[in-house]
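Structure file work_39.cif (mmCIF, C-alpha atoms) follows.
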data_input
#
loop_
_atom_site.label_atom_id
_atom_site.label_comp_id
_atom_site.auth_asym_id
_atom_site.auth_seq_id
_atom_site.Cartn_x
_atom_site.Cartn_y
_atom_site.Cartn_z
CA MET X 10 -5.81 31.88 -13.15
CA TRP X 11 -7.26 29.92 -10.24
CA VAL X 12 -8.49 33.14 -8.72
CA GLU X 13 -10.43 33.95 -11.89
CA ILE X 14 -11.94 30.47 -11.97
CA LEU X 15 -12.95 30.70 -8.31
CA CYS X 16 -14.50 34.13 -8.83
CA GLY X 17 -16.38 32.80 -11.84
CA LEU X 18 -17.81 29.90 -9.84
CA ILE X 19 -18.89 32.22 -7.05
CA ALA X 20 -20.55 34.56 -9.53
CA TYR X 21 -22.37 31.62 -11.13
CA LYS X 22 -23.63 30.40 -7.77
CA LEU X 23 -24.90 33.87 -6.91
CA PHE X 24 -26.62 34.09 -10.27
CA ARG X 25 -28.34 30.74 -9.71
CA CYS X 26 -29.47 31.79 -6.25
CA PHE X 27 -30.86 35.20 -7.11
CA PHE X 28 -31.68 35.28 -10.81
CA SER X 29 -32.22 31.76 -12.10
CA ASP X 30 -35.46 29.85 -11.66
CA GLU X 31 -34.38 26.65 -13.41
CA ASP X 32 -35.22 24.51 -10.38
CA VAL X 33 -38.67 26.08 -10.07
CA LEU X 34 -39.26 25.75 -13.79
CA GLU X 35 -38.22 22.09 -13.71
CA LEU X 36 -40.70 21.47 -10.88
CA GLU X 37 -43.48 23.28 -12.74
CA SER X 38 -42.68 21.37 -15.91
CA SER X 39 -42.80 18.09 -14.01
CA ASP X 40 -46.20 18.92 -12.50
CA THR X 41 -47.63 20.07 -15.83
CA THR X 42 -46.26 17.02 -17.63
CA ALA X 43 -48.06 14.89 -15.03
CA LEU X 44 -51.32 16.64 -16.00
CA PHE X 45 -50.89 15.72 -19.65
CA ASN X 46 -49.85 12.15 -18.82
CA VAL X 47 -53.00 11.70 -16.71
CA ALA X 48 -55.14 13.27 -19.46
CA THR X 49 -53.68 10.97 -22.12
CA ARG X 50 -54.25 7.86 -20.02
CA LEU X 51 -57.84 8.84 -19.19
CA GLU X 52 -58.67 9.29 -22.87
CA LYS X 53 -57.13 5.91 -23.68
CA LEU X 54 -58.96 4.19 -20.82
CA TYR X 55 -62.39 5.72 -21.11
CA GLY X 56 -62.57 7.61 -24.39
CA GLY X 57 -64.15 11.03 -24.53
CA LYS X 58 -62.24 14.29 -24.36
CA VAL X 59 -60.02 15.74 -21.61
CA TYR X 60 -59.62 19.51 -21.33
CA VAL X 61 -56.35 20.58 -19.67
CA GLY X 62 -55.43 23.81 -17.88
CA LEU X 63 -58.77 25.65 -17.79
CA ARG X 64 -59.07 29.10 -16.18
CA ILE X 65 -62.73 29.42 -15.28
CA PRO X 66 -64.10 32.88 -14.33
CA ASP X 67 -65.44 32.95 -10.77
CA ALA X 68 -68.33 35.41 -10.56
CA ASP X 69 -68.11 35.61 -6.74
CA THR X 70 -64.47 36.69 -6.55
CA GLY X 71 -64.02 38.32 -9.95
CA SER X 72 -60.91 36.15 -10.51
CA ARG X 73 -60.21 32.98 -12.46
CA GLN X 74 -60.18 29.50 -10.95
CA ASN X 75 -57.55 27.09 -12.27
CA VAL X 76 -58.95 23.67 -13.16
CA ASP X 77 -56.43 20.93 -13.94
CA LEU X 78 -58.59 18.57 -16.01
CA VAL X 79 -62.17 18.07 -17.08
CA LEU X 80 -63.01 14.66 -18.56
CA VAL X 81 -66.14 14.60 -20.72
CA THR X 82 -67.88 11.56 -22.17
CA THR X 83 -71.46 11.05 -23.26
CA GLY X 84 -73.66 11.62 -20.21
CA GLU X 85 -70.83 12.15 -17.71
CA ALA X 86 -68.11 14.63 -16.75
CA VAL X 87 -65.44 14.75 -14.04
CA VAL X 88 -63.42 17.67 -12.69
CA ILE X 89 -60.01 16.24 -11.79
CA SER X 90 -57.27 17.73 -9.65
CA VAL X 91 -53.85 16.16 -10.24
CA LYS X 92 -51.53 16.29 -7.23
CA ASN X 93 -48.04 15.17 -8.26
CA LEU X 94 -46.98 14.61 -4.63
CA PRO X 95 -43.89 12.49 -3.81
CA GLY X 96 -43.06 11.07 -0.40
CA LEU X 97 -45.15 10.10 2.61
CA VAL X 98 -48.56 11.77 2.58
CA SER X 99 -50.94 11.87 5.52
CA ILE X 100 -54.10 13.78 6.49
CA SER X 101 -54.04 16.03 9.56
CA GLY X 102 -56.91 16.71 11.90
CA ASP X 103 -58.06 19.83 10.05
CA GLY X 104 -58.25 18.00 6.72
CA SER X 105 -55.04 19.43 5.26
CA TRP X 106 -52.46 17.09 3.74
CA VAL X 107 -48.91 16.75 5.03
CA CYS X 108 -46.25 15.60 2.57
CA GLU X 109 -42.88 14.46 3.94
CA GLU X 110 -40.10 14.03 1.39
CA THR X 111 -36.38 13.35 1.54
CA SER X 112 -34.53 14.90 -1.39
CA LYS X 113 -30.77 15.29 -1.84
CA GLY X 114 -30.22 14.26 1.77
CA LYS X 115 -32.63 16.87 3.14
CA HIS X 116 -35.95 16.13 4.82
CA LYS X 117 -38.75 18.46 3.79
CA THR X 118 -42.31 18.78 5.05
CA HIS X 119 -45.02 20.55 3.06
CA ASN X 120 -48.58 21.30 4.08
CA HIS X 121 -51.32 21.40 1.43
CA PRO X 122 -54.92 22.61 1.81
CA ASP X 123 -57.47 19.82 1.54
CA PRO X 124 -57.35 18.92 -2.21
CA VAL X 125 -60.82 17.36 -2.07
CA GLU X 126 -62.38 20.61 -0.83
CA GLU X 127 -60.41 22.50 -3.48
CA VAL X 128 -61.62 20.36 -6.38
CA LYS X 129 -65.16 20.39 -4.98
CA LYS X 130 -65.08 24.19 -5.14
CA GLN X 131 -63.65 24.06 -8.66
CA ALA X 132 -66.52 21.81 -9.77
CA SER X 133 -69.04 24.25 -8.28
CA ILE X 134 -67.46 27.23 -10.06
CA LEU X 135 -67.32 25.31 -13.33
CA GLU X 136 -70.96 24.30 -13.07
CA ALA X 137 -71.99 27.93 -12.45
CA TYR X 138 -69.89 29.07 -15.43
CA LEU X 139 -71.47 26.46 -17.70
CA GLU X 140 -74.95 27.53 -16.59
CA GLN X 141 -74.12 31.15 -17.45
CA ARG X 142 -73.18 30.00 -20.94
CA GLY X 143 -76.43 28.12 -21.37
CA VAL X 144 -75.31 24.60 -20.40
CA ALA X 145 -77.46 23.39 -17.51
CA LEU X 146 -76.20 20.01 -16.31
CA PRO X 147 -78.64 17.48 -14.81
CA GLU X 148 -78.12 16.40 -11.23
CA GLY X 149 -75.42 13.75 -10.94
CA TYR X 150 -73.82 14.65 -14.28
CA LEU X 151 -70.75 16.41 -12.85
CA SER X 152 -68.49 14.93 -10.18
CA TYR X 153 -64.92 15.49 -8.96
CA LYS X 154 -61.81 13.50 -8.14
CA VAL X 155 -58.22 13.93 -6.95
CA VAL X 156 -55.58 11.82 -8.72
CA LEU X 157 -52.15 11.09 -7.19
CA PRO X 158 -50.05 9.78 -10.12
CA ASN X 159 -46.54 10.16 -8.70
CA PRO X 160 -44.90 6.70 -8.32
CA LYS X 161 -42.95 8.06 -5.32
CA PHE X 162 -46.22 8.69 -3.45
CA TRP X 163 -46.91 6.44 -0.48
CA THR X 164 -49.05 6.44 2.64
CA LEU X 165 -49.40 4.34 5.78
CA HIS X 166 -53.19 4.46 5.82
CA SER X 167 -54.69 4.55 2.33
CA ASN X 168 -58.16 3.91 3.77
CA TYR X 169 -57.97 7.31 5.51
CA PHE X 170 -58.38 9.05 2.17
CA PRO X 171 -61.94 9.90 1.10
CA PRO X 172 -63.46 8.02 -1.87
CA GLU X 173 -62.87 11.01 -4.15
CA VAL X 174 -59.11 10.38 -3.92
CA ILE X 175 -57.39 8.01 -6.36
CA THR X 176 -54.02 7.03 -4.88
CA HIS X 177 -51.10 6.02 -7.08
CA GLU X 178 -51.72 2.34 -6.39
CA GLN X 179 -55.34 2.69 -7.47
CA TRP X 180 -54.36 4.84 -10.45
CA VAL X 181 -52.05 2.24 -12.00
CA GLN X 182 -54.70 -0.46 -11.54
CA LEU X 183 -57.49 1.39 -13.34
CA LYS X 184 -58.92 -0.48 -16.30
CA PRO X 185 -61.54 0.46 -18.89
CA GLU X 186 -65.06 -0.69 -18.06
CA PRO X 187 -67.37 -0.58 -21.06
CA LYS X 188 -70.61 -0.73 -19.10
CA SER X 189 -69.87 2.25 -16.89
CA MET X 190 -67.12 4.59 -18.00
CA LEU X 191 -65.56 5.14 -14.59
CA SER X 192 -67.58 2.72 -12.52
CA GLY X 193 -67.23 3.93 -8.92
CA TRP X 194 -65.99 7.35 -9.99
CA ILE X 195 -69.22 8.75 -11.33
CA LYS X 196 -72.92 8.10 -10.93
CA GLY X 197 -74.59 7.31 -14.22
CA ALA X 198 -76.48 10.25 -15.64
CA PHE X 199 -79.66 10.42 -17.71
CA ARG X 200 -80.94 7.02 -16.61
CA GLY X 201 -84.06 6.59 -18.67
CA GLY X 202 -83.46 9.93 -20.40
CA LYS X 203 -83.77 10.58 -24.09
CA LYS X 204 -80.76 9.92 -26.25
CA GLU X 205 -81.30 13.21 -28.10
CA MET X 206 -81.08 15.13 -24.82
CA GLN X 207 -77.84 13.37 -23.90
CA GLU X 208 -76.26 14.14 -27.25
CA SER X 209 -77.39 17.78 -27.13
CA ILE X 210 -75.90 18.46 -23.71
CA HIS X 211 -72.73 16.52 -24.59
CA GLU X 212 -72.26 18.62 -27.74
CA LYS X 213 -72.91 21.92 -25.91
CA LEU X 214 -70.58 20.98 -23.08
CA ASN X 215 -67.70 20.11 -25.41
CA PHE X 216 -68.14 23.33 -27.40
CA THR X 217 -68.29 25.47 -24.24
CA LEU X 218 -65.18 23.89 -22.70
CA SER X 219 -63.25 24.08 -25.98
CA THR X 220 -63.89 27.85 -26.07
CA ALA X 221 -63.43 28.48 -22.33
CA PRO X 222 -60.39 30.45 -21.08
CA MET X 223 -57.35 28.27 -20.54
CA TRP X 224 -53.60 28.57 -20.14
CA ASP X 225 -51.34 28.72 -23.17
CA ARG X 226 -49.12 25.65 -23.40
CA LEU X 227 -45.70 24.70 -24.65
CA GLU X 228 -44.78 21.18 -25.66
CA LEU X 229 -41.02 20.81 -25.34
CA LYS X 230 -38.65 18.11 -26.49
CA GLY X 231 -38.22 15.32 -23.95
CA ASN X 232 -41.99 14.93 -23.38
CA LYS X 233 -42.24 18.06 -21.25
CA TYR X 234 -45.13 20.50 -21.04
CA ILE X 235 -45.43 23.97 -19.55
CA LEU X 236 -48.64 25.95 -18.95
CA GLY X 237 -48.56 29.71 -18.77
CA GLU X 238 -48.85 32.75 -21.02
CA PHE X 239 -47.14 33.39 -24.34
CA MET X 240 -45.66 36.90 -24.40
CA GLU X 241 -43.84 37.42 -27.72
CA PHE X 242 -41.13 36.23 -30.09
CA LYS X 243 -37.55 37.51 -29.88
CA GLY X 244 -34.98 37.39 -32.65
CA LYS X 245 -33.73 38.98 -35.86
CA GLN X 246 -36.05 41.48 -37.50
CA ASP X 247 -36.64 39.40 -40.62
CA ASP X 248 -37.62 36.42 -38.46
CA LEU X 249 -40.04 38.55 -36.44
CA THR X 250 -41.52 39.83 -39.69
CA ALA X 251 -42.07 36.24 -40.85
CA LEU X 252 -43.85 35.46 -37.57
CA ARG X 253 -45.93 38.63 -37.35
CA SER X 254 -49.10 36.79 -38.42
CA ILE X 255 -48.93 34.59 -35.31
CA LYS X 256 -51.20 36.52 -32.98
CA ARG X 257 -53.49 35.18 -30.29
CA SER X 258 -56.58 36.55 -32.04
CA LYS X 259 -55.70 34.80 -35.31
CA VAL X 260 -53.72 31.65 -34.45
CA GLY X 261 -54.53 28.82 -32.07
CA ARG X 262 -51.62 26.45 -32.59
CA ILE X 263 -48.12 26.32 -34.05
CA ILE X 264 -45.87 23.36 -34.81
CA VAL X 265 -42.08 23.67 -35.09
CA GLN X 266 -40.16 21.46 -37.50
CA LYS X 267 -36.45 21.30 -38.28
CA MET X 268 -35.56 21.88 -41.91
CA SER X 269 -33.06 19.60 -43.62
CA MET X 270 -31.61 19.08 -47.04
CA PHE X 271 -29.86 15.91 -48.22
CA GLY X 272 -30.06 14.63 -44.64
CA LEU X 273 -28.13 17.56 -43.17
CA ALA X 274 -29.84 19.71 -40.53
CA HIS X 275 -29.69 23.45 -41.17
CA SER X 276 -29.97 26.33 -38.70
CA LYS X 277 -33.44 27.12 -40.02
CA LEU X 278 -36.78 26.03 -38.62
CA GLN X 279 -40.14 25.67 -40.31
CA VAL X 280 -43.03 27.02 -38.23
CA LEU X 281 -46.48 25.75 -39.20
CA TYR X 282 -49.49 27.60 -37.83
CA SER X 283 -53.21 27.24 -38.26
CA PRO X 284 -55.83 30.01 -38.26
CA ARG X 285 -58.02 30.07 -35.19
CA ASP X 286 -61.34 28.33 -35.77
CA TYR X 287 -63.98 29.63 -33.38
CA ARG X 288 -66.39 26.99 -34.62
CA SER X 289 -64.10 24.38 -33.05
CA GLU X 290 -64.39 22.12 -36.09
CA GLY X 291 -60.65 21.66 -36.55
CA THR X 292 -58.33 22.89 -39.27
CA SER X 293 -57.80 21.16 -42.59
CA ALA X 294 -54.30 20.44 -43.88
CA SER X 295 -54.74 23.01 -46.65
CA GLU X 296 -55.31 25.82 -44.14
CA TRP X 297 -51.94 25.48 -42.41
CA LYS X 298 -49.49 28.26 -43.19
CA GLU X 299 -45.72 28.27 -42.74
CA ALA X 300 -42.83 30.56 -41.94
CA THR X 301 -39.10 29.88 -42.07
CA VAL X 302 -36.96 31.40 -39.32
CA ARG X 303 -33.59 30.95 -37.62
CA SER X 304 -33.35 28.27 -34.95
CA SER X 305 -32.01 30.93 -32.55
CA THR X 306 -35.41 32.68 -32.52
CA GLU X 307 -36.88 32.63 -29.01
CA VAL X 308 -40.30 32.44 -27.40
CA LEU X 309 -40.90 34.54 -24.30
CA PHE X 310 -43.26 32.61 -22.04
CA GLN X 311 -44.38 33.23 -18.46
CA PRO X 312 -45.08 29.91 -16.69
CA GLU X 313 -48.13 29.49 -14.52
CA ASN X 314 -47.53 30.59 -10.89
CA SER X 315 -44.27 32.31 -11.83
CA LYS X 316 -43.48 36.02 -11.90
CA LYS X 317 -40.53 35.53 -14.25
CA VAL X 318 -40.66 35.44 -18.02
CA CYS X 319 -38.60 32.57 -19.46
CA LYS X 320 -36.94 32.30 -22.86
CA PHE X 321 -37.22 29.15 -24.93
CA LYS X 322 -35.45 28.65 -28.23
CA LEU X 323 -37.78 27.56 -31.00
CA SER X 324 -35.44 24.62 -31.60
CA SER X 325 -36.45 23.19 -28.19
CA ILE X 326 -40.20 23.54 -28.86
CA ILE X 327 -42.40 20.95 -30.56
CA SER X 328 -45.66 22.87 -30.47
CA MET X 329 -47.41 25.81 -28.82
CA SER X 330 -51.15 26.28 -28.23
CA LEU X 331 -52.67 29.70 -27.60
CA SER X 332 -55.88 30.27 -25.70
CA ALA X 333 -58.49 32.51 -27.31
#

Show me, as structure tokens, the structure contained in the file I just sent.
Amino acid sequence: MWVEILCGLIAYKLFRCFFSDEDVLELESSDTTALFNVATRLEKLYGGKVYVGLRIPDADTGSRQNVDLVLVTTGEAVVISVKNLPGLVSISGDGSWVCEETSKGKHKTHNHPDPVEEVKKQASILEAYLEQRGVALPEGYLSYKVVLPNPKFWTLHSNYFPPEVITHEQWVQLKPEPKSMLSGWIKGAFRGGKKEMQESIHEKLNFTLSTAPMWDRLELKGNKYILGEFMEFKGKQDDLTALRSIKRSKVGRIIVQKMSMFGLAHSKLQVLYSPRDYRSEGTSASEWKEATVRSSTEVLFQPENSKKVCKFKLSSIISMSLSA
């Protein structure tokens, strides 16, 4: 008996080492959740709209540039890179960042390319993309920042970081400033300009970003988020038939709810989904459709920066958003 148990443990360990990416997925989920936490706080502090997980086409390379966040308010916009770095962070002579972390008794050192140069490039690519789509931004309208929200972040010389970097200490101290949305973050735009011009560009910018390519996203129970690409549903044939209308070209968002009767939870789930609205005017309550499926039905989803496709039971999902 003990031999069987030992063999089982060994087999499990081998499986975790070679076939499981739970640790990687947990890290990716943590980083993505940090993006949404930063986005939520920015909207609460300064109003406006934050776009998360954009994939902007780069005409020079023919590829897509990932952009963490873009914060848009009237007359101003910021491209924001969120670096969820724990541990001691310092800047080396070549501008790269060195992160030293002790985890589970092991000391690890990671080198990161200069995040400020990265987000500067992202802002340039975004501005070119917007211009191609007919949104020409005035000088000083678009700026960029790097936010370090991890409470485990620390540094010996915070003054070594360039002004575009918002350290964790600065991040938690941010407060709304009604006169200037982000004060030192962004230069005011349209000084002396016409209000109609401001509103026109603000409207065009929001529409363009809302229809720009972006990652699909899963919102999981436990306040977790994952960016990536939705592949398909897996389950019983009748459940798949009920979900066949949920296609990227037709549906932009689904919400998963547990069904219950007389206070007792059943093994069925109610999936609400809304038709995609390319006008970006939202969906009324009457337009939502529903499907009832087994809670064992799964979503196949490939996380960002991962080569593996993961399975998530619908019962663990709160909502899913699909990019156009």

>> Can you tell me which residues surround range 177-182 of chain X at a distance of at most 9 Å, considering only C-alpha atoms, apart from same-chain residues fewer than 3 positions away, and format the answer as a PyMOL selection string?
In response: chain X and resi 156-163

>> So that I can see what lies close to Gln74 in chain X, please list as a list in words the residues with an atom at most 10 Å from it, counting all atoms listed in the file and leaving out residues fewer than 2 positions away in the same chain.
In response: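 Answer for this query is Leu63, Arg64, Ile65, Pro66, Asp67, Thr70, Gly71, Ser72, Val76, Asp77, Lys130, Gln131, Ile134 and Leu135 of chain X.
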
>> Which residue is closest to Lys58 in chain X? Choose from X:Val260, X:Leu323, X:Leu44, X:Leu214 and count all atoms listed in the file.
In response: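 Smallest separation from Lys58 in chain X among the options: X:Leu214.
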
> Is there a way to get, as a count of residues only, all residues within 9 Å of the point (-47.5, 35.8, -24.9) in file coordinates, counting all atoms listed in the file?
Replying inline: 14

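The shortest atom-to-atom distance to Ile175 in chain X, with all atoms listed in the file taken into account, belongs to X:Lys154 out of X:Arg285, X:Lys316, X:His119, X:Lys154.
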
>> Ranking X:Glu296, X:Glu307, X:Asp69, X:Glu52 by minimum distance to Ser133 in chain X and counting only C-alpha atoms, which one comes first?
In response: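 Distance minimum relative to Ser133 in chain X lands on X:Asp69.
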